[in-house]
$ cat data30.csv   # CSV, C-alpha atoms
chain,number,residue,atom,x,y,z
A,1,MET,CA,0.0,0.0,0.0
A,2,ILE,CA,2.8,2.4,0.8
A,3,GLY,CA,4.6,1.6,-2.5
A,4,GLY,CA,1.3,2.1,-4.4
A,5,PHE,CA,0.7,5.4,-2.7
A,6,ALA,CA,4.2,6.6,-3.5
A,7,LEU,CA,3.7,5.7,-7.2
A,8,ILE,CA,0.4,7.6,-7.4
A,9,VAL,CA,2.0,10.7,-5.9
A,10,TYR,CA,4.8,10.4,-8.5
A,11,LEU,CA,2.3,10.1,-11.3
A,12,GLY,CA,0.7,13.4,-10.3
A,13,HIS,CA,-2.4,15.4,-9.5
A,14,LEU,CA,-5.0,13.6,-11.7
A,15,TYR,CA,-3.9,10.2,-10.3
A,16,ILE,CA,-4.0,11.4,-6.7
A,17,THR,CA,-7.5,12.8,-7.4
A,18,ALA,CA,-8.6,9.5,-8.8
A,19,MET,CA,-7.3,7.8,-5.7
A,20,VAL,CA,-9.3,10.2,-3.5
A,21,VAL,CA,-12.5,9.6,-5.5
A,22,VAL,CA,-12.1,5.8,-5.1
A,23,ILE,CA,-11.5,6.2,-1.4
A,24,GLN,CA,-14.7,8.3,-1.2
A,25,ILE,CA,-16.7,5.7,-3.0
A,26,PHE,CA,-15.5,2.9,-0.7
A,27,MET,CA,-16.2,5.1,2.4
A,28,ALA,CA,-19.7,5.8,1.1
A,29,ARG,CA,-20.3,2.1,0.5
A,30,GLU,CA,-19.2,1.3,4.1
A,31,LEU,CA,-21.4,4.0,5.6
A,32,PHE,CA,-24.4,3.3,3.4
A,33,ASN,CA,-24.3,-0.4,4.6
A,34,LEU,CA,-23.7,0.6,8.2
A,35,LEU,CA,-27.4,1.2,9.1
A,36,ARG,CA,-28.8,-1.0,6.4
A,37,LYS,CA,-31.5,-3.6,7.3
A,38,THR,CA,-31.7,-6.5,5.0
A,39,HIS,CA,-35.4,-7.3,5.7
A,40,GLU,CA,-36.5,-3.7,5.0
A,41,ASP,CA,-34.4,-3.4,1.9
A,42,LYS,CA,-36.0,-6.5,0.4
A,43,GLN,CA,-39.3,-4.7,0.5
A,44,LEU,CA,-37.9,-1.6,-1.2
A,45,PRO,CA,-36.3,-2.7,-4.5
A,46,GLY,CA,-34.1,-0.1,-6.0
A,47,PHE,CA,-34.0,2.0,-2.8
A,48,ARG,CA,-30.2,1.6,-2.5
A,49,LEU,CA,-29.8,3.3,-5.9
A,50,LEU,CA,-31.2,6.5,-4.4
A,51,ASN,CA,-28.2,6.7,-2.0
A,52,TRP,CA,-25.8,6.6,-4.9
A,53,HIS,CA,-27.9,9.0,-6.9
A,54,PHE,CA,-27.4,11.6,-4.2
A,55,PHE,CA,-23.8,10.7,-3.8
A,56,PHE,CA,-22.8,11.2,-7.4
A,57,THR,CA,-24.9,14.4,-7.6
A,58,ALA,CA,-22.9,15.8,-4.7
A,59,MET,CA,-19.7,14.7,-6.4
A,60,LEU,CA,-20.7,16.4,-9.7
A,61,PHE,CA,-21.5,19.6,-7.8
A,62,VAL,CA,-18.4,19.8,-5.5
A,63,TYR,CA,-15.8,18.7,-8.1
A,64,GLY,CA,-17.5,20.9,-10.7
A,65,ARG,CA,-16.9,23.9,-8.5
A,66,ILE,CA,-13.3,22.9,-7.7
A,67,LEU,CA,-12.1,21.8,-11.1
A,68,SER,CA,-14.2,24.0,-13.5
A,69,GLN,CA,-11.5,26.6,-14.2
A,70,ARG,CA,-8.8,24.0,-14.7
A,71,LEU,CA,-11.1,22.1,-17.1
A,72,VAL,CA,-11.5,25.4,-19.1
A,73,ASN,CA,-7.8,25.9,-19.1
A,74,THR,CA,-7.4,22.4,-20.5
A,75,VAL,CA,-9.8,22.7,-23.5
A,76,THR,CA,-9.2,26.4,-24.4
A,77,PRO,CA,-7.2,25.5,-27.6
A,78,ASP,CA,-10.2,23.6,-29.0
A,79,LYS,CA,-13.0,26.0,-29.8
A,80,VAL,CA,-15.7,23.4,-29.9
A,81,LEU,CA,-14.8,21.8,-26.6
A,82,TYR,CA,-14.3,25.2,-25.1
A,83,ARG,CA,-17.8,26.3,-26.0
A,84,LEU,CA,-19.3,23.0,-24.7
A,85,VAL,CA,-17.4,23.2,-21.4
A,86,THR,CA,-18.2,26.9,-20.8
A,87,SER,CA,-21.8,26.2,-21.4
A,88,LEU,CA,-21.8,23.2,-19.0
A,89,ILE,CA,-20.1,25.3,-16.4
A,90,LYS,CA,-22.6,28.2,-16.8
A,91,TYR,CA,-25.5,25.8,-16.2
A,92,HIS,CA,-23.6,23.6,-13.7
A,93,MET,CA,-25.6,24.6,-10.7
A,94,ALA,CA,-28.9,24.2,-12.5
A,95,ILE,CA,-27.9,20.7,-13.7
A,96,CYS,CA,-26.9,19.6,-10.2
A,97,TYR,CA,-30.1,21.1,-8.7
A,98,SER,CA,-32.2,19.3,-11.3
A,99,LEU,CA,-30.5,16.0,-10.4
A,100,TYR,CA,-31.0,16.6,-6.7
A,101,ILE,CA,-34.7,17.5,-7.2
A,102,SER,CA,-35.2,14.4,-9.3
A,103,GLY,CA,-33.8,12.3,-6.4
A,104,PHE,CA,-36.1,14.1,-4.0
A,105,VAL,CA,-39.1,13.3,-6.1
A,106,TRP,CA,-37.9,9.7,-6.5
A,107,PHE,CA,-37.7,9.4,-2.8
A,108,ILE,CA,-41.2,10.7,-2.2
A,109,LEU,CA,-42.6,8.4,-4.9
A,110,THR,CA,-41.0,5.3,-3.3
A,111,LEU,CA,-42.4,6.0,0.2
A,112,LYS,CA,-44.2,2.8,1.3
A,113,LYS,CA,-46.7,2.3,4.1
A,114,LYS,CA,-45.2,0.9,7.4
A,115,MET,CA,-41.7,1.7,6.0
A,116,TYR,CA,-41.8,5.5,6.5
A,117,LYS,CA,-39.6,5.6,9.5
A,118,TYR,CA,-36.9,3.4,8.0
A,119,GLN,CA,-37.0,5.3,4.7
A,120,PHE,CA,-36.7,8.8,6.3
A,121,SER,CA,-33.9,7.6,8.6
A,122,GLN,CA,-32.0,6.4,5.5
A,123,TYR,CA,-32.7,9.7,3.7
A,124,ALA,CA,-31.3,11.6,6.7
A,125,TRP,CA,-28.3,9.3,7.0
A,126,THR,CA,-27.4,9.7,3.3
A,127,HIS,CA,-27.4,13.5,3.7
A,128,MET,CA,-25.3,13.2,6.9
A,129,ILE,CA,-22.7,11.2,5.0
A,130,LEU,CA,-22.6,13.8,2.2
A,131,ILE,CA,-22.2,16.7,4.5
A,132,VAL,CA,-19.9,15.3,7.2
A,133,VAL,CA,-17.9,12.8,5.1
A,134,PHE,CA,-17.9,13.6,1.4
A,135,THR,CA,-17.8,17.4,1.7
A,136,GLN,CA,-14.9,17.3,4.2
A,137,SER,CA,-12.9,14.8,2.2
A,138,SER,CA,-13.4,16.8,-1.0
A,139,PHE,CA,-11.2,19.6,0.4
A,140,THR,CA,-8.4,17.1,-0.2
A,141,VAL,CA,-8.8,17.5,-4.0
A,142,ALA,CA,-8.7,21.3,-3.7
A,143,ASN,CA,-5.4,21.0,-1.7
A,144,ILE,CA,-3.9,18.7,-4.4
A,145,PHE,CA,-4.3,21.2,-7.2
A,146,GLU,CA,-2.9,24.0,-5.0
A,147,GLY,CA,0.3,21.9,-5.0
A,148,ILE,CA,0.8,18.3,-4.0
A,149,PHE,CA,2.8,19.7,-1.0
A,150,TRP,CA,-0.5,20.9,0.6
A,151,PHE,CA,-2.0,17.4,0.3
A,152,LEU,CA,1.0,15.3,1.1
A,153,LEU,CA,2.4,17.1,4.1
A,154,PRO,CA,-0.9,17.2,6.1
A,155,ALA,CA,-1.7,13.6,5.2
A,156,SER,CA,1.8,12.5,6.3
A,157,LEU,CA,1.5,14.3,9.6
A,158,ILE,CA,-1.7,12.4,10.4
A,159,VAL,CA,0.1,9.1,9.7
A,160,ILE,CA,3.1,10.1,11.8
A,161,ASN,CA,0.9,11.2,14.7
A,162,ASP,CA,-1.0,7.9,14.6
A,163,ILE,CA,2.1,5.8,14.6
A,164,PHE,CA,3.9,7.6,17.4
A,165,ALA,CA,0.8,7.8,19.5
A,166,TYR,CA,0.8,4.0,19.4
A,167,ILE,CA,4.6,3.7,20.0
A,168,CYS,CA,4.7,6.2,22.9
A,169,GLY,CA,1.5,4.8,24.4
A,170,PHE,CA,2.8,1.3,24.2
A,171,PHE,CA,6.1,2.0,25.9
A,172,PHE,CA,5.2,4.9,28.3
A,173,GLY,CA,1.4,4.9,28.5
A,174,ARG,CA,0.0,5.0,32.0
A,175,THR,CA,-2.7,7.7,32.2
A,176,PRO,CA,-5.9,7.2,30.2
A,177,LEU,CA,-6.7,10.1,27.8
A,178,ILE,CA,-10.4,9.8,27.0
A,179,LYS,CA,-13.1,7.3,27.8
A,180,LEU,CA,-14.2,6.9,24.2
A,181,SER,CA,-10.8,5.3,23.4
A,182,PRO,CA,-9.6,3.5,26.5
A,183,LYS,CA,-6.2,2.5,24.9
A,184,LYS,CA,-5.3,6.2,24.2
A,185,THR,CA,-3.0,7.7,26.9
A,186,TRP,CA,-1.7,11.1,27.8
A,187,GLU,CA,1.8,9.9,27.4
A,188,GLY,CA,1.1,8.7,23.9
A,189,PHE,CA,-0.8,11.9,23.0
A,190,ILE,CA,2.0,14.2,24.2
A,191,GLY,CA,4.8,12.1,22.7
A,192,ALA,CA,3.0,12.0,19.4
A,193,SER,CA,2.4,15.7,19.4
A,194,ILE,CA,6.1,16.5,20.0
A,195,THR,CA,7.2,14.1,17.3
A,196,THR,CA,4.6,15.3,14.8
A,197,VAL,CA,5.6,19.0,15.2
A,198,ILE,CA,9.3,18.2,14.7
A,199,SER,CA,8.5,16.0,11.7
A,200,ALA,CA,6.4,18.8,10.2
A,201,PHE,CA,9.3,21.2,10.4
A,202,LEU,CA,11.7,18.7,8.8
A,203,LEU,CA,9.4,17.3,6.2
A,204,ALA,CA,8.4,20.7,4.9
A,205,ASN,CA,12.1,21.4,4.2
A,206,ILE,CA,12.5,18.2,2.3
A,207,MET,CA,9.2,18.3,0.3
A,208,GLY,CA,9.6,22.1,-0.4
A,209,ARG,CA,12.6,21.4,-2.6
A,210,PHE,CA,10.7,19.6,-5.3
A,211,LEU,CA,8.8,21.6,-8.0
A,212,TRP,CA,6.6,18.5,-8.6
A,213,LEU,CA,5.3,18.9,-5.1
A,214,THR,CA,5.1,22.7,-4.8
A,215,CYS,CA,3.9,23.9,-8.2
A,216,PRO,CA,0.1,24.3,-8.5
A,217,ARG,CA,-1.7,22.6,-11.4
A,218,GLU,CA,-3.7,25.1,-13.4
A,219,ASP,CA,-5.2,22.5,-15.8
A,220,LEU,CA,-6.1,18.8,-16.0
A,221,SER,CA,-3.0,17.7,-17.9
A,222,THR,CA,-0.4,15.2,-16.6
A,223,GLY,CA,2.8,16.9,-17.9
A,224,TRP,CA,5.8,17.8,-15.9
A,225,LEU,CA,5.5,21.1,-14.0
A,226,LEU,CA,7.9,24.0,-14.0
A,227,CYS,CA,7.1,27.2,-12.1
A,228,ASP,CA,8.5,29.8,-9.8
A,229,PRO,CA,7.9,28.2,-6.4
A,230,GLY,CA,7.5,31.6,-4.8
A,231,PRO,CA,9.1,33.1,-1.7
A,232,LEU,CA,7.7,30.4,0.6
A,233,PHE,CA,9.8,27.7,-1.0
A,234,LYS,CA,13.1,29.7,-1.4
A,235,GLN,CA,15.8,29.2,1.2
A,236,GLU,CA,16.5,31.9,3.8
A,237,THR,CA,19.8,31.8,5.8
A,238,HIS,CA,19.6,32.6,9.5
A,239,ALA,CA,22.6,33.1,11.8
A,240,LEU,CA,22.5,30.9,14.9
A,241,PRO,CA,22.8,32.6,18.3
A,242,GLY,CA,26.2,32.4,19.8
A,243,TRP,CA,25.2,30.1,22.7
A,244,ILE,CA,23.9,27.6,20.1
A,245,SER,CA,26.7,27.9,17.5
A,246,ASP,CA,29.3,27.2,20.3
A,247,TRP,CA,27.9,23.7,20.6
A,248,LEU,CA,27.4,23.1,16.9
A,249,PRO,CA,29.9,22.9,13.9
A,250,TRP,CA,27.9,25.4,11.8
A,251,LYS,CA,27.2,29.1,12.4
A,252,GLU,CA,24.1,29.5,10.3
A,253,ILE,CA,21.1,27.5,9.1
A,254,SER,CA,19.0,27.5,5.9
A,255,ILE,CA,15.2,27.4,6.3
A,256,LEU,CA,12.3,27.5,3.9
A,257,PRO,CA,9.7,30.0,5.1
A,258,VAL,CA,7.0,27.4,4.5
A,259,GLN,CA,8.5,25.5,7.5
A,260,TRP,CA,7.0,28.0,9.9
A,261,HIS,CA,3.5,27.3,8.3
A,262,ALA,CA,4.3,23.6,8.7
A,263,LEU,CA,4.6,24.0,12.4
A,264,CYS,CA,0.9,25.2,12.5
A,265,LEU,CA,-0.1,22.2,10.4
A,266,GLY,CA,1.8,20.0,12.8
A,267,LEU,CA,0.2,21.5,15.9
A,268,PHE,CA,-3.3,20.9,14.4
A,269,ALA,CA,-2.5,17.4,13.3
A,270,SER,CA,-1.3,16.5,16.8
A,271,ILE,CA,-3.8,18.3,19.0
A,272,ILE,CA,-7.1,18.8,17.1
A,273,ALA,CA,-7.2,16.2,14.2
A,274,PRO,CA,-7.1,13.2,16.7
A,275,PHE,CA,-10.6,14.2,17.7
A,276,GLY,CA,-11.8,13.0,14.3
A,277,GLY,CA,-10.7,9.6,15.5
A,278,PHE,CA,-12.5,10.1,18.9
A,279,PHE,CA,-15.7,11.1,17.0
A,280,ALA,CA,-15.5,7.8,15.0
A,281,SER,CA,-14.9,5.8,18.2
A,282,GLY,CA,-17.9,7.4,19.8
A,283,PHE,CA,-20.0,6.7,16.7
A,284,LYS,CA,-19.1,3.0,16.7
A,285,ARG,CA,-19.9,2.8,20.4
A,286,ALA,CA,-23.3,4.5,19.9
A,287,PHE,CA,-24.2,1.9,17.3
A,288,LYS,CA,-22.4,-1.0,18.9
A,289,ILE,CA,-20.2,-1.9,16.0
A,290,LYS,CA,-16.5,-2.9,16.0
A,291,ASP,CA,-15.5,-1.7,12.5
A,292,PHE,CA,-17.0,0.5,9.8
A,293,GLY,CA,-16.3,-2.1,7.2
A,294,ASP,CA,-13.8,-4.6,5.8
A,295,SER,CA,-12.4,-2.6,2.8
A,296,ILE,CA,-8.9,-2.8,4.3
A,297,PRO,CA,-8.6,-6.1,6.2
A,298,GLY,CA,-7.3,-5.6,9.7
A,299,HIS,CA,-7.8,-1.8,9.6
A,300,GLY,CA,-11.5,-1.5,10.4
A,301,GLY,CA,-12.3,-0.2,6.9
A,302,ILE,CA,-11.3,2.8,4.9
A,303,THR,CA,-13.5,5.1,7.1
A,304,ASP,CA,-11.4,4.2,10.1
A,305,ARG,CA,-8.2,5.3,8.3
A,306,MET,CA,-9.7,8.5,7.0
A,307,ASP,CA,-11.5,9.9,10.1
A,308,CYS,CA,-8.6,12.2,11.1
A,309,GLN,CA,-7.5,12.9,7.5
A,310,MET,CA,-10.9,14.5,6.7
A,311,VAL,CA,-10.5,17.0,9.6
A,312,MET,CA,-7.0,17.7,8.6
A,313,ALA,CA,-7.9,18.3,4.9
A,314,VAL,CA,-10.4,21.0,5.8
A,315,PHE,CA,-7.9,22.8,8.1
A,316,ALA,CA,-5.1,22.6,5.5
A,317,TYR,CA,-7.4,24.2,2.9
A,318,ILE,CA,-8.7,26.9,5.1
A,319,TYR,CA,-5.2,27.7,6.5
A,320,HIS,CA,-3.7,27.8,2.9
A,321,GLN,CA,-6.4,30.1,1.7
A,322,SER,CA,-6.3,32.4,4.8
A,323,PHE,CA,-2.6,32.6,5.5
A,324,VAL,CA,-0.7,31.5,2.5
A,325,VAL,CA,-2.4,32.6,-0.7
A,326,PRO,CA,-1.7,36.3,-1.4
A,327,GLU,CA,-4.6,38.7,-1.4
A,328,VAL,CA,-3.6,40.4,-4.6
A,329,LEU,CA,-5.6,39.2,-7.6
A,330,SER,CA,-3.2,38.5,-10.5
A,331,VAL,CA,-3.8,39.3,-14.1
A,332,ASP,CA,-4.0,35.6,-14.9
A,333,LYS,CA,-6.8,35.2,-12.4
A,334,LEU,CA,-8.8,38.1,-13.8
A,335,LEU,CA,-8.4,36.8,-17.3
A,336,ASP,CA,-9.5,33.3,-16.2
A,337,GLN,CA,-12.7,34.8,-14.7
A,338,ILE,CA,-13.4,36.8,-17.8
A,339,ILE,CA,-13.0,33.7,-20.1
A,340,THR,CA,-15.2,31.6,-17.8
A,341,SER,CA,-17.9,34.1,-17.0
A,342,LEU,CA,-18.4,36.2,-20.2
A,343,THR,CA,-19.6,35.2,-23.7
A,344,LEU,CA,-17.4,35.9,-26.7
A,345,GLU,CA,-19.5,39.1,-27.6
A,346,GLU,CA,-19.2,40.3,-24.0
A,347,GLN,CA,-15.4,39.7,-24.1
A,348,GLN,CA,-15.1,41.8,-27.3
A,349,ALA,CA,-17.2,44.6,-25.8
A,350,LEU,CA,-15.0,44.5,-22.7
A,351,LEU,CA,-11.9,44.8,-24.9
A,352,VAL,CA,-13.3,47.8,-26.8
A,353,LYS,CA,-14.3,49.5,-23.5
A,354,LEU,CA,-10.9,48.8,-21.9
A,355,GLY,CA,-9.2,50.3,-25.0
A,356,GLN,CA,-11.3,53.5,-24.8
A,357,MET,CA,-10.5,53.9,-21.1
A,358,LEU,CA,-6.8,53.4,-21.6
A,359,GLN,CA,-6.8,55.9,-24.5
A,360,GLU,CA,-8.7,58.5,-22.4
A,361,LYS,CA,-6.2,58.0,-19.6
A,362,VAL,CA,-3.2,58.5,-22.0
A,363,ILE,CA,-4.7,61.7,-23.5
A,364,GLY,CA,-5.6,63.0,-20.0
A,365,SER,CA,-2.0,62.5,-18.7
$ encode --input "data30.csv" --output "structure tokens"
Amino acid sequence: MIGGFALIVYLGHLYITAMVVVIQIFMARELFNLLRKTHEDKQLPGFRLLNWHFFFTAMLFVYGRILSQRLVNTVTPDKVLYRLVTSLIKYHMAICYSLYISGFVWFILTLKKKMYKYQFSQYAWTHMILIVVFTQSSFTVANIFEGIFWFLLPASLIVINDIFAYICGFFFGRTPLIKLSPKKTWEGFIGASITTVISAFLLANIMGRFLWLTCPREDLSTGWLLCDPGPLFKQETHALPGWISDWLPWKEISILPVQWHALCLGLFASIIAPFGGFFASGFKRAFKIKDFGDSIPGHGGITDRMDCQMVMAVFAYIYHQSFVVPEVLSVDKLLDQIITSLTLEEQQALLVKLGQMLQEKVIGS
């Protein structure tokens, strides 16, 4: 599994996105089956298809919003495809709403006497899965296209925290941490937190040196990436204080500015993200189940492996958008919005108007 994951990361953004979609489908399957009752399902033929109808409608809506501009950038050279794609994007929300309403009507038409309670509970459970699970995990794809770095580092920190929580708890654990997970200890929690923060600082320096990981993907192609990594990924040299350099063979140290951001990711991964696992443990106890599924033998299903990852993905996206992405709107971004939002005639009118404004400005000055 580790080797396969490394290969997918090497292959690039589209392959990682495909992996995330497959994981989401398996998670949905596990959760759809969790509260399923065989006897009731036999009396409702085709009712299971309704769950998947809502799931793929949500997938079309979320990924359409995330990847629409990159799809436009991919098909721009082809006029026919460009017109088709821009038309689909323009009516994207209407299409998704129509699909959702058709599912809503489908649900009402399938209501059966003496099965109302079961059907409405399944309807609510499906929407809970879409809101809590699918929407959160979809932020992973947004992170991927901002640069694989913003997907790989947070995901790695969750794995590191999980491993060292087990190791530190196994060797030093004495004090129970939370009743929902009796095996979790304060010693394991604190040891894993320290290890995760240190790992975040070091891993950011290693990953930040590769353009393949740091460059954002502006389209849906699979070619190699070359870009200016920006100031976050350019080394800065800092002189060490005298009392430290006296004990070390070097007088200065090179650090990537992104390493300071990585410390924030490490703190969240070690302190807040584990509560995603506690939530999953509480859920299993509430419904008296041992595992979410058997998609990964011995691991309690894919959902068990992804509980903390979903919380981390949302934080990584919000942190990146709030504290990393510059506020200045670039010329490329403005042009992308113009190409996506305006028709050809409106673009021509904008060009004429812009020319007139610039000419008046030149004459005035």
$ atom_distance --input "data30.csv" --atom1 "CA of Leu240 (chain A)" --atom2 "CA of Ser193 (chain A)"
25.6 Å
$ atom_distance --input "data30.csv" --atom1 "CA of Thr175 (chain A)" --atom2 "CA of Phe287 (chain A)"
26.8 Å
$ residues_around --input "data30.csv" --residues "Met19 (chain A)" --least-positions-apart "3" --cutoff "12 Å" --atoms "all atoms listed in the file" --output "JSON, numbers by chain"
{"A": [4, 5, 6, 7, 8, 9, 11, 12, 13, 14, 15, 16, 22, 23, 24, 25, 26, 137, 138, 140, 141, 144]}
$ residues_around --input "data30.csv" --residues "region 57-67 of chain A" --least-positions-apart "3" --cutoff "6 Å" --atoms "all atoms listed in the file" --output "PDB file with C-alpha atoms, in the coordinates of the input"
ATOM      1  CA  PHE A  54     -27.400  11.600  -4.200  1.00  0.00           C
ATOM      2  CA  ARG A  70      -8.800  24.000 -14.700  1.00  0.00           C
ATOM      3  CA  CYS A  96     -26.900  19.600 -10.200  1.00  0.00           C
TER       4      CYS A  96
END
$ atom_distance --input "data30.csv" --atom1 "CA of Pro216 (chain A)" --atom2 "CA of Val258 (chain A)"
15.0 Å
$ residues_near_point --input "data30.csv" --point "(-11.6, 12.2, 5.3)" --cutoff "7 Å" --atoms "only C-alpha atoms" --output "ChimeraX atom specification"
/A:133,136-137,306-311
$ closest_residue --input "data30.csv" --among "A:Gly208, A:Gly293, A:Pro182, A:Gly364" --to "Asn33 (chain A)" --atoms "all atoms listed in the file"
A:Gly293
$ closest_residue --input "data30.csv" --among "A:Ala142, A:Ala204, A:Val331, A:Leu344" --to "Phe315 (chain A)" --atoms "all atoms listed in the file"
A:Ala142
$ residues_around --input "data30.csv" --residues "Asn205 (chain A)" --least-positions-apart "4" --cutoff "8 Å" --atoms "only C-alpha atoms" --output "PyMOL selection string"
chain A and resi 201+209+255-256+258-259
$ closest_residue --input "data30.csv" --among "A:Leu342, A:Cys264, A:Leu49, A:Leu213" --to "Val324 (chain A)" --atoms "all atoms listed in the file"
A:Cys264
$ residues_around --input "data30.csv" --residues "Lys179 (chain A)" --least-positions-apart "5" --cutoff "10 Å" --atoms "all atoms listed in the file" --output "list in words"
Lys184, Phe278, Ser281 and Gly282 of chain A
$ decode --input "data30.csv" --residues "region 179-192 of chain A" --atoms "N, CA and C atoms" --output "PDB file, in the first residue's frame"
ATOM      1  N   LYS A 179     -12.342   8.528  27.596  1.00  0.00           N
ATOM      2  CA  LYS A 179     -13.097   7.296  27.805  1.00  0.00           C
ATOM      3  C   LYS A 179     -13.552   6.660  26.496  1.00  0.00           C
ATOM      4  N   LEU A 180     -13.719   7.474  25.451  1.00  0.00           N
ATOM      5  CA  LEU A 180     -14.156   6.931  24.160  1.00  0.00           C
ATOM      6  C   LEU A 180     -13.135   5.958  23.588  1.00  0.00           C
ATOM      7  N   SER A 181     -11.850   6.184  23.875  1.00  0.00           N
ATOM      8  CA  SER A 181     -10.768   5.312  23.397  1.00  0.00           C
ATOM      9  C   SER A 181      -9.908   4.920  24.601  1.00  0.00           C
ATOM     10  N   PRO A 182     -10.263   3.852  25.280  1.00  0.00           N
ATOM     11  CA  PRO A 182      -9.563   3.471  26.515  1.00  0.00           C
ATOM     12  C   PRO A 182      -8.076   3.210  26.323  1.00  0.00           C
ATOM     13  N   LYS A 183      -7.665   2.834  25.127  1.00  0.00           N
ATOM     14  CA  LYS A 183      -6.249   2.527  24.886  1.00  0.00           C
ATOM     15  C   LYS A 183      -5.398   3.777  24.679  1.00  0.00           C
ATOM     16  N   LYS A 184      -6.035   4.925  24.440  1.00  0.00           N
ATOM     17  CA  LYS A 184      -5.288   6.168  24.233  1.00  0.00           C
ATOM     18  C   LYS A 184      -4.846   6.728  25.584  1.00  0.00           C
ATOM     19  N   THR A 185      -3.590   7.171  25.666  1.00  0.00           N
ATOM     20  CA  THR A 185      -3.045   7.695  26.917  1.00  0.00           C
ATOM     21  C   THR A 185      -2.467   9.086  26.717  1.00  0.00           C
ATOM     22  N   TRP A 186      -2.344   9.819  27.831  1.00  0.00           N
ATOM     23  CA  TRP A 186      -1.739  11.146  27.777  1.00  0.00           C
ATOM     24  C   TRP A 186      -0.291  11.071  27.329  1.00  0.00           C
ATOM     25  N   GLU A 187       0.416  10.052  27.785  1.00  0.00           N
ATOM     26  CA  GLU A 187       1.825   9.905  27.391  1.00  0.00           C
ATOM     27  C   GLU A 187       1.955   9.708  25.881  1.00  0.00           C
ATOM     28  N   GLY A 188       1.062   8.897  25.319  1.00  0.00           N
ATOM     29  CA  GLY A 188       1.081   8.688  23.871  1.00  0.00           C
ATOM     30  C   GLY A 188       0.700   9.949  23.121  1.00  0.00           C
ATOM     31  N   PHE A 189      -0.297  10.678  23.639  1.00  0.00           N
ATOM     32  CA  PHE A 189      -0.763  11.912  23.005  1.00  0.00           C
ATOM     33  C   PHE A 189       0.336  12.968  22.990  1.00  0.00           C
ATOM     34  N   ILE A 190       0.989  13.173  24.136  1.00  0.00           N
ATOM     35  CA  ILE A 190       2.039  14.197  24.235  1.00  0.00           C
ATOM     36  C   ILE A 190       3.263  13.803  23.414  1.00  0.00           C
ATOM     37  N   GLY A 191       3.670  12.537  23.509  1.00  0.00           N
ATOM     38  CA  GLY A 191       4.825  12.080  22.728  1.00  0.00           C
ATOM     39  C   GLY A 191       4.593  12.203  21.236  1.00  0.00           C
ATOM     40  N   ALA A 192       3.379  11.851  20.796  1.00  0.00           N
ATOM     41  CA  ALA A 192       3.047  11.957  19.369  1.00  0.00           C
ATOM     42  C   ALA A 192       2.999  13.411  18.929  1.00  0.00           C
TER      43      ALA A 192
END
